[in-house]
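Taking it in order: structure first as structure tokens, then the write-up.
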Amino acid sequence: MCWLGRYLERAENIARIIHINETYGRDDPHGPDWRRVLRLYSDEERFDAIHDDASAATVLGFYVIDRDNPASICSAVLAARENARSVRHLISTEMWTHLNIFSSAVRALSAKDLRLSNLSVVATMVINGCQSFEGIAEGTFLRGEPWCFFQFGKYLERADQTTRILDISYDRLLLDKEDAVATVQWNLLLRSVSAYHAYRSRHPGLSRPHDIAAFLLYDTEFPRAVALCVSRMTTLLRDIEKRHMKSGGAKLEKARRSLEFSLETGPAHELTPVSLHAFLDGLQIALGDVSDVISEGYFR
């Protein structure tokens, strides 16, 4: 159940990242920098072993339809379906039916569907499929222990992916200008995480880099903000511990507190692409530690 939540959240966010990378590249005479996405997921070595160049066709194929790539959308959705099949007795019929339909649609994608002019359609299909599953689960899934692990996996993956979306966007945007181009680019970042209207409710004026970074990291009411995800993870761990009548162990508590400390410490006072990248990298490591320890404590 934990990895079912993670796989679907991962598929959704990969769709968001490749879409925003293509969007940012529209004004670049050289087109999108697709190797940037590979660096974001530390996939350069694996990609270079099977491809000669990082073109739109090769990178999109690698991240959307390549079933040999465990980080692709297709692999994530199919893995989610297999996980759901193994716990079919725990989930609702509606969840299982939707996941079958959605996985069939993803499985049917081919290289011809991944042309840049059609990328927005594919990304939207994946995002809507994942969000529809989450909505169905919200309305039909029994609030027991499986629900807790499903939600924990979702928030763990979401926090990690939000840091990556912020990381891929921040240093390519204009940090010292408040012109029309910069505003459009910042609005694209916000829309890529469905945060535009939520952010505007907090900041009706200009889209400033520091404000946007702080919103995606620390807002306690926006569903994709890292702080909210970490808070929900803590609550879910407490619920799981009560159901087991024991704690997750000292290692898990240490990893959880380390994650909270990393987030509370924050990036350097002068927010630059370099300082923010280092901070986000530290958050990703801390999230990975929590993932490893909960696997050791509950899944082994």
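In the structure tokens, chains take the letters A, B, ... in the order shown, each chain's residues start at 1, and ligands count up from 1 in the order shown.
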Tell me, as a VMD selection string, which residues lie within 10 Å of Ala250 (chain A), counting only C-alpha atoms; anything in the same chain fewer than 4 positions away does not count.
chain A and resid 254 to 256 293 297
Save the residues we just selected, C-alpha atoms, as a PDB file, in the first residue's frame?
ATOM      1  CA  LYS A 254      15.767   9.731  14.545  1.00  0.00           C
ATOM      2  CA  ALA A 255      15.236   9.828  10.780  1.00  0.00           C
ATOM      3  CA  ARG A 256      11.900  11.616  11.178  1.00  0.00           C
ATOM      4  CA  VAL A 293      14.101   3.138   7.899  1.00  0.00           C
ATOM      5  CA  GLY A 297      11.003  -1.299  10.516  1.00  0.00           C
TER       6      GLY A 297
END
For region 140-257 of chain A against region 38-42 of chain A, with a cut-off of 8 Å and counting only C-alpha atoms, what is the closest atom pair and its distance in Å to one decimal for every residue that makes the cut, ordered by chain and number, as a tab-separated table?
residue	atom	partner	partner_atom	distance
A:Arg164	CA	A:Leu40	CA	6.8
A:Asp167	CA	A:Leu40	CA	7.9
A:Ile168	CA	A:Leu40	CA	7.0
I'd like a table as a tab-separated table: residues in region 157-265 of chain A with an atom no more than 12 Å from region 123-133 of chain A, each row giving the shortest atom pair and its distance in Å to one decimal, only C-alpha atoms counted, sorted by chain and rising residue number.
residue	atom	partner	partner_atom	distance
A:Ser192	CA	A:Ile127	CA	10.6
A:Val193	CA	A:Ile127	CA	10.5
A:Ser194	CA	A:Ile127	CA	10.8
Those selected residues, please, written with C-alpha atoms and delivered as a compact mmCIF listing (two decimals), in the first residue's frame.
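Resulting contents of part.txt:
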# COMPACT_ATOMS: atom_id res chain seq x y z
CA SER A 192 3.10 23.00 -12.90
CA VAL A 193 2.34 22.07 -9.28
CA SER A 194 -1.27 23.32 -9.36
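Candidate residues A:Glu22, A:Asp239, A:Glu44, A:Glu260 were compared for distance to Leu188 (chain A), and the nearest is A:Glu22, using only C-alpha atoms.
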*If we count only C-alpha atoms, what is near region 58-75 of chain A at a cut-off of 8 Å, once residues fewer than 4 positions away on the same chain are taken out, given as a list of chain:residue names?*
A:Arg10, A:Ala11, A:Glu12, A:Ile14, A:Ala15, A:Ile18, A:Trp34, A:Arg35, A:Leu38, A:Phe47, A:His51, A:Asp53, A:Ala54, A:Ala79, A:Ser103, A:Val106, A:Arg107, A:Leu109, A:Ser110, A:Ala111, A:Leu114
Write a file of the just-selected residues containing N, CA and C atoms, as a compact mmCIF listing (two decimals), in the first residue's frame.
# COMPACT_ATOMS: atom_id res chain seq x y z
N ARG A 10 4.66 9.36 -8.01
CA ARG A 10 5.87 9.51 -8.83
C ARG A 10 5.52 9.69 -10.30
N ALA A 11 4.59 8.87 -10.79
CA ALA A 11 4.18 8.99 -12.19
C ALA A 11 3.62 10.38 -12.47
N GLU A 12 2.79 10.87 -11.57
CA GLU A 12 2.19 12.19 -11.76
C GLU A 12 3.26 13.27 -11.81
N ILE A 14 6.56 13.00 -12.46
CA ILE A 14 7.43 12.91 -13.64
C ILE A 14 6.74 13.58 -14.81
N ALA A 15 5.43 13.37 -14.95
CA ALA A 15 4.67 14.04 -16.01
C ALA A 15 4.76 15.55 -15.85
N ILE A 18 8.55 16.73 -16.89
CA ILE A 18 8.87 16.76 -18.32
C ILE A 18 8.04 17.81 -19.04
N TRP A 34 17.14 18.55 -22.15
CA TRP A 34 16.60 17.30 -21.62
C TRP A 34 17.57 16.59 -20.69
N ARG A 35 18.86 16.88 -20.83
CA ARG A 35 19.81 16.27 -19.91
C ARG A 35 19.62 16.79 -18.49
N LEU A 38 17.61 14.34 -16.59
CA LEU A 38 18.42 13.19 -16.21
C LEU A 38 19.24 13.49 -14.96
N PHE A 47 21.09 6.21 -18.44
CA PHE A 47 20.61 6.67 -19.74
C PHE A 47 21.70 6.57 -20.80
N HIS A 51 21.67 5.13 -24.69
CA HIS A 51 21.38 6.17 -25.69
C HIS A 51 22.63 6.98 -25.99
N ASP A 53 22.53 10.17 -27.40
CA ASP A 53 22.31 11.59 -27.15
C ASP A 53 21.03 11.80 -26.35
N ALA A 54 20.99 12.93 -25.65
CA ALA A 54 19.83 13.25 -24.81
C ALA A 54 18.90 14.18 -25.58
N ALA A 79 3.75 -0.89 -12.02
CA ALA A 79 4.13 -1.39 -10.69
C ALA A 79 3.02 -1.09 -9.68
N SER A 103 -3.92 2.10 -16.30
CA SER A 103 -2.69 1.40 -16.70
C SER A 103 -2.76 0.95 -18.15
N VAL A 106 -1.89 3.98 -20.27
CA VAL A 106 -0.45 4.28 -20.23
C VAL A 106 0.32 3.24 -21.03
N ARG A 107 -0.08 1.98 -20.91
CA ARG A 107 0.59 0.91 -21.64
C ARG A 107 0.46 1.09 -23.16
N LEU A 109 0.61 3.87 -24.80
CA LEU A 109 1.40 4.97 -25.32
C LEU A 109 2.58 4.44 -26.14
N SER A 110 2.89 5.15 -27.22
CA SER A 110 4.02 4.75 -28.07
C SER A 110 4.87 5.98 -28.38
N ALA A 111 5.97 5.76 -29.07
CA ALA A 111 6.89 6.86 -29.38
C ALA A 111 6.21 7.96 -30.18
N LEU A 114 4.73 10.85 -28.28
CA LEU A 114 5.62 11.67 -27.47
C LEU A 114 6.24 12.83 -28.24
For Asp281 (chain A), please output as a ChimeraX atom specification all residues within 12 Å (counting only C-alpha atoms; exclusion window: fewer than 5 positions along the same chain).
/A:40-42,160-164,166-168,259,262-263,266-267,273-276,286-288
Residues from last step as file, C-alpha atoms, as a PDB file, in the first residue's frame:
ATOM      1  CA  LEU A  40      17.617  15.815 -11.556  1.00  0.00           C
ATOM      2  CA  TYR A  41      16.951  12.092 -11.084  1.00  0.00           C
ATOM      3  CA  SER A  42      20.642  11.041 -11.187  1.00  0.00           C
ATOM      4  CA  ASP A 160      10.528  14.557  -2.613  1.00  0.00           C
ATOM      5  CA  GLN A 161       9.039  15.454  -5.985  1.00  0.00           C
ATOM      6  CA  THR A 162       8.153  19.007  -4.927  1.00  0.00           C
ATOM      7  CA  THR A 163      11.799  19.601  -4.063  1.00  0.00           C
ATOM      8  CA  ARG A 164      12.781  18.310  -7.509  1.00  0.00           C
ATOM      9  CA  LEU A 166      11.536  23.548  -7.455  1.00  0.00           C
ATOM     10  CA  ASP A 167      15.130  22.517  -8.126  1.00  0.00           C
ATOM     11  CA  ILE A 168      14.646  22.102 -11.884  1.00  0.00           C
ATOM     12  CA  LEU A 259      13.963  15.393   8.325  1.00  0.00           C
ATOM     13  CA  SER A 262      16.569  19.769   7.855  1.00  0.00           C
ATOM     14  CA  LEU A 263      13.374  21.510   6.828  1.00  0.00           C
ATOM     15  CA  GLY A 266      16.170  26.234   5.859  1.00  0.00           C
ATOM     16  CA  PRO A 267      18.455  27.365   3.032  1.00  0.00           C
ATOM     17  CA  PRO A 273      20.324  28.697  -7.021  1.00  0.00           C
ATOM     18  CA  VAL A 274      23.424  27.175  -5.411  1.00  0.00           C
ATOM     19  CA  SER A 275      22.246  27.539  -1.803  1.00  0.00           C
ATOM     20  CA  LEU A 276      18.738  26.340  -2.639  1.00  0.00           C
ATOM     21  CA  ALA A 286      16.622  13.042   4.636  1.00  0.00           C
ATOM     22  CA  LEU A 287      13.454  11.828   2.887  1.00  0.00           C
ATOM     23  CA  GLY A 288      15.391   8.859   1.529  1.00  0.00           C
TER      24      GLY A 288
END
Computed gap from CA of Arg16 (chain A) to CA of Asn100 (chain A) is 21.9 Å
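If you measure from each of A:Gln151, A:Ser295, A:Gln185, A:Thr272 to His210 (chain A) using only C-alpha atoms, the closest one turns out to be A:Thr272.
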- Message: What's around Phe152 (chain A) at 8 Å? Count only C-alpha atoms, leave out sequence neighbours fewer than 4 positions away in its own chain, and write the answer as a PyMOL selection string.
- Response: chain A and resi 2+5+148+156+232-233+236-237
Write down as a ChimeraX atom specification the residues of region 48-283 of chain A whose backbone DSSP state falls under alpha helix (DSSP H).
/A:48,56-64,73-86,93-107,119-140,145-170,180-192,196-202,209-218,226-244,250-265,273-283
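Shortest atom-to-atom contact with Asp211 (chain A) among A:Leu252, A:Leu190, A:Leu142, A:Val121: A:Leu190, counting only C-alpha atoms.
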Contacts of Leu216 (chain A) at 7 Å or less, counting only C-alpha atoms, minus same-chain residues fewer than 4 places along, as a list in words? Ile212, Ala225 and Val226 of chain A
Quick one: write out the picked residues with C-alpha atoms as a tab-separated table (two decimals), in the first residue's frame?
chain	number	residue	atom	x	y	z
A	212	ILE	CA	7.49	31.15	-4.29
A	225	ALA	CA	4.15	22.08	0.13
A	226	VAL	CA	6.98	20.11	1.74
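For the set A:Arg238, A:Glu296, A:Leu217, A:Ser117, the residue with the smallest atom-to-atom gap to Phe279 (chain A) is A:Leu217, counting only C-alpha atoms.
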Of A:Glu221, A:Val184, A:Tyr170, A:Ser92, the one nearest to Trp147 (chain A) when counting only C-alpha atoms is A:Ser92
Practice task
Please provide the set of residues having any atom within 9 Å of Ser169 (chain A), restricted to only C-alpha atoms, with same-chain residues fewer than 4 positions apart removed, written as a PyMOL selection string.
Solution key: chain A and resi 20-21+24+164-165+173+185-186+189
